[in-house]
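A short worksheet on the structure shown next.
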Amino acid sequence: MLPDAEDLPELLLDLAVPHEDINELIALRRTVTGDPGSRRLLAECVDELFRGLDEPGRDPGLDERLAEAPRSAHDTFAAFVFLAAHPHTVALHRERGIPAGTTRRTLADLGRQMAVHRRRHGSTGLRSPRWLARHFRGEVYQLGRLQFERARLGERTAAAVAANGVPARPGTACLNLHIPDFRGPLTPAACDRSLEQARDFFPLHFPEEQPVAAVCHSWLLDRQLRNRLPADSHIVRFQKRFGIAHEDTGPADTEPVQFVFGDPGLPVAGLPGRTSVERAVRDHLLAGGHWYIGHGWFPLPLVARPESNPSNE
């Protein structure tokens with residue numbers, strides 16, 4: 001189910017796995033393939049990953065199974081599950097006519113998440129199987145600067161969408177927007193290009209779904225950011241694309257600390273202030289404030305269709 005040790009480095013490089021993690025993964029491959037129990041667990045995890053593909057948003061429940069992984073591969077077993085799943089995902093994409101370049105850029109989020117793990121823990125590992133399961137199940141796609149997830153409207157967001165004249169109810173198809181790290185600034189032009197690609201991509205490859213809205217659930221939509229950042233900042237301009245369906249009432253202070261500084265457990269008093277975003281997050285928390293998750297949306301028909309889509313070729 002896994003590439004040979006000689007071929008594995010090529011796949012790891014294609015998936016943007018950090019170079020400093022490659023030798024360790026190759027060495028650990030012997031642990032995974034040399035033990036019958038580990039091979040069986042690997043096969044069962046891959047089977048579970050692809051169960052119920054007609055249910056977008058289904059959690060395969062890998063966390064519980066990964067707890068059974070051998071101690072020596074505990075932090076990396078999830079990576080081997082996705083490596084074993086890779087050819088199956090490629091086949092799913094081909095069945096939908098999805099360009100190979102889009103497949104490669106989408107599944108390279110495996111390497112991004114391993115880089116996030118190394119930044120936080122200083123070691124080889126992967127601790128986000130639920131998130132990456134969506135990529136390998138064909139639910140998340142990298143289209144330019146943004147990631148788009150095939151999803152369904154929740155009750156409160158559906159009500160906000162419907163109240164603005166867009167036909168929608170709970171369960172109506174939508175696209176969840178995600179903002180990956182290590183992709184440069186969140187410029188308006190880059191976001192426009194991503195949205196234009198999505199406008200062509202999903203009707204072509206998933207014509208049966210017809211999403212009515214783009215949705216984002218993020219601390220980046222906390223409107224307090226407008227008091228902490230310049231009006232022309234990329235984040236504020238991104239935020240203004242959305243109508244706010246609702247905001248959580250419970251604080252989510254660890255969210256910006258994790259995504260801006262790399263570790264949700266860092267003490268606030270020691271956070272650096274090298275950029276305007278770092279200073280905004282830190283100073284707001286030091287002043288006794290809290291950050292909240294905002295839930296925003298905008299209708300997809302407002303996105304202009306591009307004349308061509310060369311980045312997906």
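Going by the structure tokens order, chains are called A, B, ..., each with residues numbered from 1, while ligands are numbered from 1 in the order shown.
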Would you give me, as a ChimeraX atom specification, the residues in segment 210-313 of chain A that DSSP reads as helix (DSSP H, G or I)?
-> /A:219-221,223-227,234-239,254-261,268-270,276-286,300-302,310-312
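Every protein, DNA or RNA residue with an atom at most 8 Å from Gly144 of chain A, where only C-alpha atoms count and chain neighbours fewer than 2 positions away do not, is listed here: Gln142, Leu146, Gln147, Ala190, Cys191, Arg193, Ser194, Gln197 and Ser311 of chain A.
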Would you mind reading off the distance between atom CA of Ala108 of chain A and atom CA of Asp14 of chain A, one decimal, in Å?
-> 7.0 Å
Nearby residues (only C-alpha atoms) at most 8 Å from Arg112 of chain A, same-chain spacing under 4 positions excluded, as a ChimeraX atom specification = /A:16-17,108,116,181-182
Can you list, as a list in words, every protein, DNA or RNA residue that comes within 8 Å of Pro18 of chain A when you count only C-alpha atoms, leaving out same-chain residues fewer than 2 positions away?
->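 So the residues in contact are Leu13, Ala16, Glu20, Asp21, Ile22, Gly111, Met114 and Ala115 of chain A.
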Between atom CA of Arg65 of chain A and atom CA of Arg104 of chain A, what is the spacing in Å?
->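 Distance between the two atoms: 26.7 Å.
Nearest to Thr76 of chain A of all the residues A:Pro207, A:Gly101, A:Pro129, A:Gly37 is A:Pro129, based on only C-alpha atoms.
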Test item: residues at most 12 Å from segment 24-29 of chain A, only C-alpha atoms, excluding those fewer than 5 positions along its chain, as a JSON list (two decimals) with C-alpha atoms, in the first residue's frame:
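selection.json, freshly written:
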```
[["chain", "number", "residue", "atom", "x", "y", "z"],
["A", 1, "MET", "CA", 0.00, 0.00, 0.00],
["A", 2, "LEU", "CA", 3.02, 2.27, 0.36],
["A", 3, "PRO", "CA", 5.64, 3.11, -2.26],
["A", 4, "ASP", "CA", 8.96, 1.29, -2.01],
["A", 5, "ALA", "CA", 11.63, 2.99, 0.07],
["A", 6, "GLU", "CA", 13.37, 4.03, -3.15],
["A", 7, "ASP", "CA", 10.20, 5.64, -4.56],
["A", 8, "LEU", "CA", 8.83, 7.15, -1.36],
["A", 9, "PRO", "CA", 11.08, 10.27, -1.45],
["A", 10, "GLU", "CA", 9.60, 11.30, -4.81],
["A", 11, "LEU", "CA", 6.07, 11.15, -3.44],
["A", 12, "LEU", "CA", 7.07, 13.00, -0.27],
["A", 13, "LEU", "CA", 8.61, 15.78, -2.35],
["A", 17, "VAL", "CA", 6.85, 17.29, 2.93],
["A", 18, "PRO", "CA", 9.69, 19.22, 4.63],
["A", 19, "HIS", "CA", 13.08, 17.94, 3.54],
["A", 34, "GLY", "CA", 7.28, -4.84, 8.78],
["A", 35, "ASP", "CA", 4.59, -5.43, 11.42],
["A", 38, "SER", "CA", 0.54, -2.08, 11.63],
["A", 39, "ARG", "CA", -0.16, -3.14, 8.04],
["A", 42, "LEU", "CA", -3.02, 1.01, 7.87],
["A", 70, "PRO", "CA", 2.90, 1.63, 17.34],
["A", 71, "ARG", "CA", 4.61, 3.95, 19.77],
["A", 72, "SER", "CA", 7.60, 4.54, 17.47],
["A", 73, "ALA", "CA", 5.30, 5.81, 14.72],
["A", 74, "HIS", "CA", 2.63, 7.43, 16.88],
["A", 75, "ASP", "CA", 3.20, 10.97, 15.60],
["A", 76, "THR", "CA", 3.64, 9.93, 11.96],
["A", 77, "PHE", "CA", 1.18, 7.10, 11.39],
["A", 78, "ALA", "CA", -1.45, 9.52, 10.05],
["A", 79, "ALA", "CA", 1.04, 10.61, 7.38],
["A", 80, "PHE", "CA", 1.46, 6.99, 6.27],
["A", 81, "VAL", "CA", -2.33, 6.63, 6.06],
["A", 83, "LEU", "CA", 0.51, 8.30, 1.69],
["A", 84, "ALA", "CA", -1.24, 4.95, 1.26],
["A", 114, "MET", "CA", 3.85, 18.60, 8.67],
["A", 123, "SER", "CA", 9.98, 17.18, 15.21],
["A", 124, "THR", "CA", 8.53, 15.05, 12.43],
["A", 125, "GLY", "CA", 4.83, 14.47, 12.86],
["A", 126, "LEU", "CA", 1.25, 15.07, 11.79]]
```
Selected residue, from A:Pro211, A:Pro264, A:Pro230, A:Gly294, that lies nearest to Glu247 of chain A when counting only C-alpha atoms | A:Gly294
Spatial neighbours of Ala213 of chain A, max dist 12 Å, only C-alpha atoms, sep filter under 4 positions, as a PyMOL selection string | chain A and resi 148-154+157-158+160-162+164-169+172-177+195+198-199+209+242-243+245+296-303
Just give me the gap between atom CA of Gly52 of chain A and atom CA of Arg96 of chain A in Å, one decimal is fine.
-> 17.0 Å
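The environment of segment 275-280 of chain A within 9 Å, counting only C-alpha atoms and disregarding residues fewer than 3 places along the same chain, consists of Leu225, Asn227, Arg228, Leu229, Pro230, Ile235, Val257, Val260, Phe261, Leu271, Pro272, Asp283, His284 and Leu285 of chain A.
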Residues just named, written with C-alpha atoms as a tab-separated table (two decimals), in the first residue's frame:
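Here's the written file result21.tsv:
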```tsv
chain	number	residue	atom	x	y	z
A	225	LEU	CA	-9.98	43.47	13.83
A	227	ASN	CA	-10.31	48.54	15.29
A	228	ARG	CA	-6.81	47.06	15.41
A	229	LEU	CA	-5.72	47.04	11.75
A	230	PRO	CA	-5.55	49.73	9.04
A	235	ILE	CA	-7.37	41.04	6.40
A	257	VAL	CA	-2.49	32.69	18.70
A	260	VAL	CA	-0.47	33.80	13.79
A	261	PHE	CA	2.25	32.58	16.16
A	271	LEU	CA	4.14	37.12	22.08
A	272	PRO	CA	6.21	39.16	19.60
A	283	ASP	CA	-2.33	43.89	22.25
A	284	HIS	CA	-6.03	43.04	22.22
A	285	LEU	CA	-5.44	40.07	24.50
```
Strand (DSSP E or B) per DSSP on the backbone: members of segment 60-270 of chain A, as a list in words = Val140, Tyr141, Gln142, Leu143, Leu146, Gln147, Phe148, Glu149, Arg150, Ala151, Arg152, Ala173, Cys174, Leu175, Asn176, Leu177, His178, Ala213, Ala214, Val215, Cys216, His217, Ser218, Gly243, Ile244, Ala245, His246 and Glu247 of chain A
With N, CA and C atoms retained, export the selected residues as an mmCIF file, in the first residue's frame.
```
data_model
loop_
_atom_site.group_PDB
_atom_site.id
_atom_site.type_symbol
_atom_site.label_atom_id
_atom_site.label_comp_id
_atom_site.auth_asym_id
_atom_site.auth_seq_id
_atom_site.Cartn_x
_atom_site.Cartn_y
_atom_site.Cartn_z
ATOM 1 N N VAL A 140 -11.863 19.061 -0.301
ATOM 2 C CA VAL A 140 -11.141 20.332 -0.267
ATOM 3 C C VAL A 140 -10.228 20.422 -1.484
ATOM 4 N N TYR A 141 -10.185 21.629 -2.085
ATOM 5 C CA TYR A 141 -9.344 21.862 -3.261
ATOM 6 C C TYR A 141 -8.610 23.195 -3.115
ATOM 7 N N GLN A 142 -7.329 23.170 -3.450
ATOM 8 C CA GLN A 142 -6.518 24.389 -3.461
ATOM 9 C C GLN A 142 -6.650 25.013 -4.837
ATOM 10 N N LEU A 143 -7.214 26.221 -4.879
ATOM 11 C CA LEU A 143 -7.374 26.955 -6.124
ATOM 12 C C LEU A 143 -6.762 28.332 -5.925
ATOM 13 N N LEU A 146 -6.591 30.458 -2.055
ATOM 14 C CA LEU A 146 -7.572 29.947 -1.098
ATOM 15 C C LEU A 146 -7.836 28.460 -1.307
ATOM 16 N N GLN A 147 -8.337 27.841 -0.257
ATOM 17 C CA GLN A 147 -8.838 26.480 -0.341
ATOM 18 C C GLN A 147 -10.364 26.522 -0.264
ATOM 19 N N PHE A 148 -11.004 25.650 -1.036
ATOM 20 C CA PHE A 148 -12.458 25.599 -1.105
ATOM 21 C C PHE A 148 -12.916 24.201 -0.725
ATOM 22 N N GLU A 149 -13.875 24.147 0.168
ATOM 23 C CA GLU A 149 -14.388 22.872 0.654
ATOM 24 C C GLU A 149 -15.848 22.699 0.252
ATOM 25 N N ARG A 150 -16.145 21.590 -0.398
ATOM 26 C CA ARG A 150 -17.535 21.238 -0.689
ATOM 27 C C ARG A 150 -18.250 20.991 0.632
ATOM 28 N N ALA A 151 -19.316 21.732 0.877
ATOM 29 C CA ALA A 151 -19.952 21.669 2.190
ATOM 30 C C ALA A 151 -21.445 21.946 2.051
ATOM 31 N N ARG A 152 -22.127 21.979 3.199
ATOM 32 C CA ARG A 152 -23.558 22.246 3.272
ATOM 33 C C ARG A 152 -23.809 23.348 4.286
ATOM 34 N N ALA A 173 -26.076 23.191 -0.766
ATOM 35 C CA ALA A 173 -24.648 23.153 -1.079
ATOM 36 C C ALA A 173 -24.026 24.545 -0.984
ATOM 37 N N CYS A 174 -22.819 24.596 -0.433
ATOM 38 C CA CYS A 174 -22.040 25.834 -0.353
ATOM 39 C C CYS A 174 -20.574 25.463 -0.489
ATOM 40 N N LEU A 175 -19.733 26.484 -0.493
ATOM 41 C CA LEU A 175 -18.285 26.290 -0.483
ATOM 42 C C LEU A 175 -17.720 26.975 0.747
ATOM 43 N N ASN A 176 -17.072 26.198 1.611
ATOM 44 C CA ASN A 176 -16.366 26.785 2.745
ATOM 45 C C ASN A 176 -14.996 27.269 2.283
ATOM 46 N N LEU A 177 -14.658 28.499 2.630
ATOM 47 C CA LEU A 177 -13.359 29.075 2.277
ATOM 48 C C LEU A 177 -12.384 28.903 3.430
ATOM 49 N N HIS A 178 -11.147 28.495 3.094
ATOM 50 C CA HIS A 178 -10.090 28.346 4.082
ATOM 51 C C HIS A 178 -8.859 29.107 3.596
ATOM 52 N N ALA A 213 -23.485 29.750 -2.115
ATOM 53 C CA ALA A 213 -22.787 30.776 -1.338
ATOM 54 C C ALA A 213 -21.394 30.302 -0.968
ATOM 55 N N ALA A 214 -20.513 31.272 -0.809
ATOM 56 C CA ALA A 214 -19.209 31.023 -0.208
ATOM 57 C C ALA A 214 -19.312 31.379 1.270
ATOM 58 N N VAL A 215 -18.767 30.518 2.112
ATOM 59 C CA VAL A 215 -18.920 30.658 3.555
ATOM 60 C C VAL A 215 -17.546 30.582 4.206
ATOM 61 N N CYS A 216 -17.354 31.339 5.264
ATOM 62 C CA CYS A 216 -16.095 31.285 5.996
ATOM 63 C C CYS A 216 -16.394 31.323 7.489
ATOM 64 N N HIS A 217 -15.770 30.418 8.225
ATOM 65 C CA HIS A 217 -15.908 30.351 9.682
ATOM 66 C C HIS A 217 -14.507 30.583 10.256
ATOM 67 N N SER A 218 -14.231 31.771 10.749
ATOM 68 C CA SER A 218 -12.853 32.098 11.115
ATOM 69 C C SER A 218 -12.791 33.282 12.066
ATOM 70 N N GLY A 243 -20.911 39.122 4.378
ATOM 71 C CA GLY A 243 -21.937 39.487 5.337
ATOM 72 C C GLY A 243 -21.808 38.546 6.523
ATOM 73 N N ILE A 244 -21.957 39.065 7.721
ATOM 74 C CA ILE A 244 -21.803 38.231 8.916
ATOM 75 C C ILE A 244 -23.134 37.584 9.252
ATOM 76 N N ALA A 245 -23.152 36.253 9.185
ATOM 77 C CA ALA A 245 -24.364 35.512 9.550
ATOM 78 C C ALA A 245 -24.557 35.526 11.055
ATOM 79 N N HIS A 246 -23.473 35.267 11.782
ATOM 80 C CA HIS A 246 -23.514 35.338 13.247
ATOM 81 C C HIS A 246 -22.094 35.231 13.760
ATOM 82 N N GLU A 247 -21.892 35.574 15.020
ATOM 83 C CA GLU A 247 -20.599 35.436 15.687
ATOM 84 C C GLU A 247 -20.779 34.578 16.922
#
```
Have a look at A:Glu64, A:Gly57, A:Asp200, A:Leu221 and name the one nearest to Trp131 of chain A; count only C-alpha atoms.
-> A:Gly57
